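Engineer: Structure supplied as protein23.cif; contents: mmCIF, C-alpha atoms and all ligand atoms.
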data_target
loop_
_atom_site.label_atom_id
_atom_site.label_comp_id
_atom_site.auth_asym_id
_atom_site.auth_seq_id
_atom_site.Cartn_x
_atom_site.Cartn_y
_atom_site.Cartn_z
CA MET A 9 122.72 74.98 86.47
CA GLN A 10 120.85 76.10 89.57
CA LYS A 11 119.81 79.73 89.51
CA ILE A 12 118.99 81.30 92.85
CA MET A 13 117.66 84.84 93.12
CA LEU A 14 117.53 87.12 96.15
CA LEU A 15 114.47 89.29 95.90
CA ASN A 16 112.83 91.98 98.01
CA PRO A 17 112.67 95.62 96.90
CA LYS A 18 113.24 96.80 100.46
CA GLY A 19 116.82 98.07 100.72
CA GLY A 20 118.98 96.76 103.52
CA CYS A 21 117.10 93.49 104.10
CA GLY A 22 120.19 91.41 103.31
CA LYS A 23 119.99 90.52 99.60
CA SER A 24 123.66 91.27 98.93
CA THR A 25 124.84 89.73 102.19
CA ILE A 26 122.96 86.50 101.48
CA SER A 27 123.98 86.50 97.78
CA THR A 28 127.67 86.85 98.53
CA ASN A 29 127.70 84.33 101.40
CA LEU A 30 125.69 81.82 99.36
CA ALA A 31 128.04 82.21 96.38
CA ALA A 32 131.01 81.64 98.70
CA TYR A 33 129.27 78.63 100.28
CA TYR A 34 128.95 76.85 96.92
CA ALA A 35 132.43 77.97 95.84
CA SER A 36 133.83 76.44 99.05
CA TRP A 37 132.52 73.08 97.78
CA GLY A 38 134.65 73.50 94.66
CA LEU A 39 131.63 74.26 92.48
CA ASN A 40 131.63 76.62 89.52
CA VAL A 41 129.75 79.67 90.81
CA GLY A 42 128.72 82.93 89.15
CA LEU A 43 127.47 85.98 91.03
CA ALA A 44 125.22 88.27 89.00
CA ASP A 45 124.50 91.75 90.30
CA PHE A 46 121.57 93.74 88.89
CA ASP A 47 121.89 96.51 91.44
CA PRO A 48 123.45 99.71 90.02
CA GLN A 49 125.16 100.10 93.41
CA LYS A 50 127.02 96.85 92.63
CA SER A 51 127.54 95.87 96.29
CA SER A 52 128.04 92.20 95.42
CA LEU A 53 130.50 92.85 92.62
CA ASN A 54 132.38 95.35 94.78
CA TRP A 55 132.62 92.63 97.44
CA LEU A 56 133.97 90.24 94.80
CA ARG A 57 136.64 92.77 93.80
CA LEU A 58 138.00 92.66 97.35
CA ARG A 59 138.20 88.87 97.30
CA THR A 60 141.76 87.56 97.50
CA PHE A 61 143.17 84.87 95.18
CA ASP A 62 143.61 82.31 97.95
CA LEU A 63 139.83 82.10 98.42
CA PRO A 64 137.59 79.84 96.29
CA LYS A 65 136.90 81.56 92.99
CA ILE A 66 133.53 83.13 92.15
CA LYS A 67 132.84 84.52 88.66
CA ALA A 68 131.60 88.10 88.48
CA ILE A 69 128.61 88.53 86.18
CA ASN A 70 127.88 92.15 85.50
CA ALA A 71 124.20 92.35 84.75
CA ASN A 72 121.84 95.15 83.89
CA THR A 73 118.41 95.42 82.35
CA GLU A 74 119.76 95.30 78.77
CA HIS A 75 122.61 92.93 79.25
CA PHE A 76 122.65 89.59 81.05
CA LEU A 77 125.10 87.01 79.80
CA TYR A 78 126.54 84.23 81.93
CA PRO A 79 128.64 81.16 81.15
CA GLU A 80 126.57 78.06 80.46
CA ASN A 81 128.91 75.81 82.43
CA LEU A 82 128.18 77.26 85.87
CA ASP A 83 126.92 74.92 88.59
CA TYR A 84 125.29 77.80 90.46
CA LEU A 85 124.27 81.27 89.44
CA ILE A 86 123.39 83.56 92.34
CA ILE A 87 121.40 86.63 91.32
CA ASP A 88 121.43 89.75 93.49
CA THR A 89 118.72 92.29 92.68
CA PRO A 90 118.15 96.01 93.28
CA ALA A 91 115.32 97.90 94.97
CA SER A 92 113.41 98.25 91.75
CA LEU A 93 113.12 96.09 88.66
CA GLU A 94 110.90 96.77 85.68
CA ARG A 95 107.94 94.44 85.49
CA GLU A 96 109.19 92.78 82.30
CA LYS A 97 112.69 92.19 83.68
CA MET A 98 111.25 90.90 86.92
CA GLN A 99 109.05 88.45 85.03
CA GLN A 100 112.02 87.34 82.94
CA LEU A 101 114.21 86.74 85.99
CA ILE A 102 111.43 84.94 87.82
CA SER A 103 110.97 82.53 84.91
CA LEU A 104 114.70 81.99 84.64
CA THR A 105 115.36 81.12 88.28
CA ASN A 106 114.82 77.86 90.08
CA SER A 107 114.71 79.29 93.59
CA ILE A 108 113.76 82.65 95.04
CA ILE A 109 114.79 83.76 98.50
CA ILE A 110 113.04 86.72 100.14
CA PRO A 111 115.01 88.10 103.10
CA ILE A 112 112.96 90.02 105.66
CA LEU A 113 114.15 92.10 108.59
CA PRO A 114 112.36 92.14 111.92
CA SER A 115 111.21 95.75 111.72
CA PRO A 116 107.67 97.13 111.37
CA ILE A 117 108.47 98.96 108.12
CA ASP A 118 110.16 95.91 106.62
CA ILE A 119 107.33 93.56 107.63
CA GLN A 120 104.78 95.88 106.07
CA ALA A 121 106.83 96.28 102.89
CA ALA A 122 107.38 92.52 102.65
CA GLY A 123 103.63 91.94 102.99
CA TYR A 124 102.93 94.25 100.07
CA PHE A 125 105.72 92.80 97.95
CA ILE A 126 104.74 89.16 98.54
CA TYR A 127 101.11 89.99 97.78
CA GLN A 128 102.26 91.46 94.44
CA LEU A 129 104.51 88.53 93.73
CA LEU A 130 101.76 86.00 94.27
CA LEU A 131 99.02 87.94 92.51
CA LYS A 132 100.67 90.09 89.84
CA TYR A 133 103.38 87.63 88.89
CA ARG A 134 101.20 84.60 89.62
CA ILE A 135 103.93 82.69 91.40
CA THR A 136 102.87 79.54 93.18
CA THR A 137 104.95 77.30 95.39
CA GLU A 138 103.94 74.45 93.04
CA ASP A 139 105.92 75.95 90.17
CA LYS A 140 108.67 77.82 91.91
CA ASP A 141 110.81 77.12 94.93
CA ILE A 142 110.29 80.26 96.91
CA CYS A 143 110.98 80.91 100.56
CA MET A 144 111.39 83.63 103.16
CA VAL A 145 114.45 84.10 105.37
CA ALA A 146 114.33 86.18 108.54
CA ASN A 147 117.53 88.22 108.68
CA ARG A 148 119.38 90.19 111.37
CA VAL A 149 117.29 88.58 114.04
CA ARG A 150 117.71 89.19 117.74
CA GLU A 151 115.67 86.55 119.40
CA ARG A 152 113.38 87.26 122.32
CA SER A 153 112.68 90.72 120.94
CA HIS A 154 109.05 91.76 120.57
CA ILE A 155 109.51 92.58 116.91
CA TYR A 156 110.91 89.12 116.21
CA SER A 157 107.66 87.58 117.46
CA GLU A 158 105.79 90.05 115.23
CA LEU A 159 107.85 88.85 112.29
CA MET A 160 107.05 85.23 113.17
CA LYS A 161 103.34 86.08 113.30
CA PHE A 162 103.64 87.69 109.88
CA THR A 163 105.55 84.79 108.27
CA ASP A 164 103.05 82.30 109.77
CA SER A 165 100.25 84.18 108.04
CA ILE A 166 101.92 84.00 104.60
CA LYS A 167 101.59 81.04 102.29
CA LEU A 168 105.33 80.76 101.78
CA PRO A 169 107.76 78.78 103.93
CA LEU A 170 110.07 80.57 106.33
CA ILE A 171 113.17 78.45 105.81
CA ALA A 172 115.85 80.04 107.96
CA THR A 173 116.52 82.61 110.64
CA LEU A 174 119.86 84.38 110.34
CA HIS A 175 120.97 86.23 113.44
CA ASP A 176 122.38 89.71 113.55
CA SER A 177 126.13 89.15 113.58
CA GLN A 178 129.18 91.32 113.14
CA ASN A 179 130.84 88.36 111.44
CA TYR A 180 129.11 89.22 108.15
CA ILE A 181 130.45 92.75 108.24
CA LYS A 182 133.93 91.68 109.34
CA TYR A 183 134.36 89.17 106.50
CA ALA A 184 132.61 91.27 103.85
CA ALA A 185 135.24 93.96 104.33
CA LYS A 186 137.82 91.55 102.81
CA GLY A 187 135.65 90.05 100.08
CA ALA A 188 135.21 86.97 102.23
CA SER A 189 132.24 85.18 103.75
CA ILE A 190 131.48 83.23 106.90
CA PHE A 191 132.21 80.09 104.85
CA ASP A 192 135.75 81.15 103.92
CA ASN A 193 137.20 81.12 107.39
CA LYS A 194 139.45 78.14 108.10
CA GLU A 195 138.60 78.27 111.78
CA GLN A 196 134.94 77.78 111.24
CA SER A 197 134.41 76.56 114.80
CA ALA A 198 134.56 80.20 115.92
CA LEU A 199 131.68 80.86 113.54
CA SER A 200 129.72 77.70 114.25
CA LYS A 201 126.60 79.50 115.51
CA THR A 202 126.48 81.82 112.48
CA ILE A 203 127.08 78.93 110.08
CA GLU A 204 124.45 76.79 111.85
CA ASP A 205 121.86 79.46 110.99
CA TRP A 206 122.44 78.74 107.31
CA MET A 207 121.94 74.98 107.47
CA PRO A 208 118.14 74.98 106.95
CA LEU A 209 118.59 77.27 103.94
CA THR A 210 121.42 75.30 102.32
CA ASP A 211 119.58 72.02 103.06
CA TRP A 212 116.43 73.43 101.46
CA LEU A 213 118.34 74.62 98.39
CA ASN A 214 120.28 71.37 98.12
CA SER A 215 117.05 69.38 98.22
CA LYS A 216 115.85 71.30 95.14
CA GLU A 217 118.18 69.87 92.59
CA LEU A 218 115.61 70.29 89.88
CA PRO A 219 112.93 72.93 89.64
CA ASN A 220 109.43 71.71 90.51
CA SER A 221 108.20 72.29 86.97
CA TYR A 222 110.86 69.89 85.66
CA LYS A 223 110.09 67.38 88.40
CA LYS A 224 106.44 67.51 87.42
CA ASN A 225 107.34 66.78 83.80
CA ILE A 226 109.43 63.80 84.79
CA ASN A 227 106.79 62.26 87.07
N1 LIG A 301 122.64 89.00 109.48
C1 LIG A 301 123.27 90.19 109.49
N2 LIG A 301 123.94 90.58 110.60
C2 LIG A 301 124.55 91.79 110.65
N3 LIG A 301 124.56 92.66 109.63
C3 LIG A 301 123.91 92.32 108.50
C4 LIG A 301 123.23 91.07 108.36
N4 LIG A 301 122.67 91.03 107.13
C5 LIG A 301 122.98 92.19 106.53
N5 LIG A 301 123.71 92.97 107.34
C6 LIG A 301 124.21 94.34 107.06
O1 LIG A 301 123.08 95.16 106.73
C7 LIG A 301 123.40 96.06 105.69
C8 LIG A 301 122.42 95.86 104.53
O2 LIG A 301 122.58 94.54 104.00
P1 LIG A 301 122.61 94.25 102.44
O3 LIG A 301 122.95 92.82 102.28
O4 LIG A 301 123.48 95.24 101.73
O5 LIG A 301 121.09 94.51 102.05
P2 LIG A 301 120.41 94.72 100.60
O6 LIG A 301 121.34 94.13 99.59
O7 LIG A 301 119.10 94.01 100.67
O8 LIG A 301 120.22 96.20 100.42
C9 LIG A 301 124.85 95.80 105.31
O9 LIG A 301 125.65 96.73 105.98
C10 LIG A 301 125.11 94.39 105.84
O10 LIG A 301 126.47 94.22 106.20
MG MG A 302 122.18 94.99 97.82
#
As structure tokens, how would this structure be written, given the file I've shared?
Ligand SMILES: Nc1ncnc2c1ncn2[C@@H]1O[C@H](COP(=O)(O)OP(=O)(O)O)[C@@H](O)[C@H]1O
Ligand SMILES: [Mg+2]
Structural biologist:
Amino acid sequence: MQKIMLLNPKGGCGKSTISTNLAAYYASWGLNVGLADFDPQKSSLNWLRLRTFDLPKIKAINANTEHFLYPENLDYLIIDTPASLEREKMQQLISLTNSIIIPILPSPIDIQAAGYFIYQLLLKYRITTEDKDICMVANRVRERSHIYSELMKFTDSIKLPLIATLHDSQNYIKYAAKGASIFDNKEQSALSKTIEDWMPLTDWLNSKELPNSYKKNIN
């Protein structure tokens, strides 16, 4: 089972949007997908409640700091996280997951907050890219804006890969309102630009079939 966690304590950076779309992406391939939501606001699970039966099924996993049970037969477990997690829980979830995605918005406050958070992640939690597949994703981007180039300068200065740039698009909001994702639409050609944004991220995740630590053991 591949476990993918969306992490960044900054609210509104896109954790739930990326979690739900990623869960729907894997479900659209006929895979057995669970969506765990640690946020008390339960945005991801509320989204799932709106999902209609004709759409590929995603299992709801209600998670909190005391309780986290998921079926062992899942192909993918997507973990959405809240603004704050206790250190112990954070450590536990980090060790459990194969891949961590950090969404960052092109805004001065978000760039600053991401800098602080990544610094903590690398130092306090001692994460290295050798042991964990961890990447950044720029979200809600409007290219050619000054702040986008500031975000690029920031991500260039960080020792983590920036894997994808997702543009600001009303499509996410439109589909989320019906428990759907950009991957659920039958007429995907209308969404081709939005879907194209995801290709580097899905390619990166699909190339990580086994966590690095396992790969190291095998080699
Ligand atoms: N790429 C995007 N384009 C347009 N709106 C987006 C995009 N990503 C997120 N949003 C919107 O931004 C808001 C915050 O996103 P959300 O995923 O809930 O963030 P988080 O879970 O990190 O708090 C939501 O209203 C969501 O629909
Ligand atoms: Mg959220």
Engineer: To one decimal in Å, tell me the separation between atom CA of A:Lys201 and atom CA of A:Asp83.
Structural biologist: 27.3 Å
Engineer: Do you know which residues lie at most 12 Å from (133.6, 87.6, 95.4), with coordinates as in the file and all atoms listed in the file counted, and could you write them as a count of residues only?
Structural biologist: 46
Engineer: Identify, on the basis of all atoms listed in the file, every residue whose closest approach to A:Thr105 does not exceed 10 Å; exclude the query and any residue fewer than 5 positions from it along the same chain; express the result as a list in words.
Structural biologist: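 Neighbouring residues, sequence-local ones excluded: Met9, Gln10, Lys11, Ile12, Met13, Leu85, Ile86, Ile87, Gln100, Lys140, Asp141 and Pro219 of chain A.
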Engineer: Give the residue list for ligand MG 302 (chain A) at 7 Å, counting all atoms listed in the file, as an NGL selection string, sorted by chain and then by residue number.
Structural biologist: :A and (19-20 or 22-24 or 47 or 51-52 or 88-90)
Engineer: For the residues in that selection, give me C-alpha atoms as a short mmCIF file (atom, residue, chain, number, x, y, z; two decimals), in the frame of the given file.
Structural biologist:
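So the final result, stored in out27.cif, reads:
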data_model
loop_
_atom_site.label_atom_id
_atom_site.label_comp_id
_atom_site.auth_asym_id
_atom_site.auth_seq_id
_atom_site.Cartn_x
_atom_site.Cartn_y
_atom_site.Cartn_z
CA GLY A 19 116.82 98.07 100.72
CA GLY A 20 118.98 96.76 103.52
CA GLY A 22 120.19 91.41 103.31
CA LYS A 23 119.99 90.52 99.60
CA SER A 24 123.66 91.27 98.93
CA ASP A 47 121.89 96.51 91.44
CA SER A 51 127.54 95.87 96.29
CA SER A 52 128.04 92.20 95.42
CA ASP A 88 121.43 89.75 93.49
CA THR A 89 118.72 92.29 92.68
CA PRO A 90 118.15 96.01 93.28
#
Engineer: Please measure the separation of atom CA of A:Pro111 and atom CA of A:Leu39, giving the value in Å to one decimal.
Structural biologist: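 Here the two named atoms are 24.1 Å from each other.
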Engineer: Taking all atoms listed in the file into account, which of A:Asn72, A:Asn179, A:Asn193, A:Asn81 comes nearest ligand LIG 301 (chain A)?
Structural biologist: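 Once distances to ligand LIG 301 (chain A) are computed over all atoms listed in the file, the minimum belongs to A:Asn179.
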Engineer: Compare A:Lys194, A:Gln128, A:Ala146, A:Ile203 by their minimum atom-to-atom distance to A:Lys161, counting all atoms listed in the file, and give me the closest one.
Structural biologist: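 Once distances to A:Lys161 are computed over all atoms listed in the file, the minimum belongs to A:Ala146.
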Engineer: To one decimal in Å, tell me the separation between atom CA of A:Leu174 and atom CA of A:Glu151.
Structural biologist: 10.2 Å
Engineer: Please define a box with edges along x, y and z of the file around all atoms of ligand LIG 301 (chain A) given in the file, extend it by 6 Å on each side, and return its centre and edge lengths in Å to one decimal, as JSON.
Structural biologist:
{"center_x": 122.8, "center_y": 92.9, "center_z": 105.1, "size_x": 19.4, "size_y": 19.7, "size_z": 23.1}
Engineer: Using all atoms listed in the file, find the one residue out of A:Leu130, A:Leu82, A:Leu168, A:Ile109 that sits nearest to A:Leu209.
Structural biologist: A:Ile109
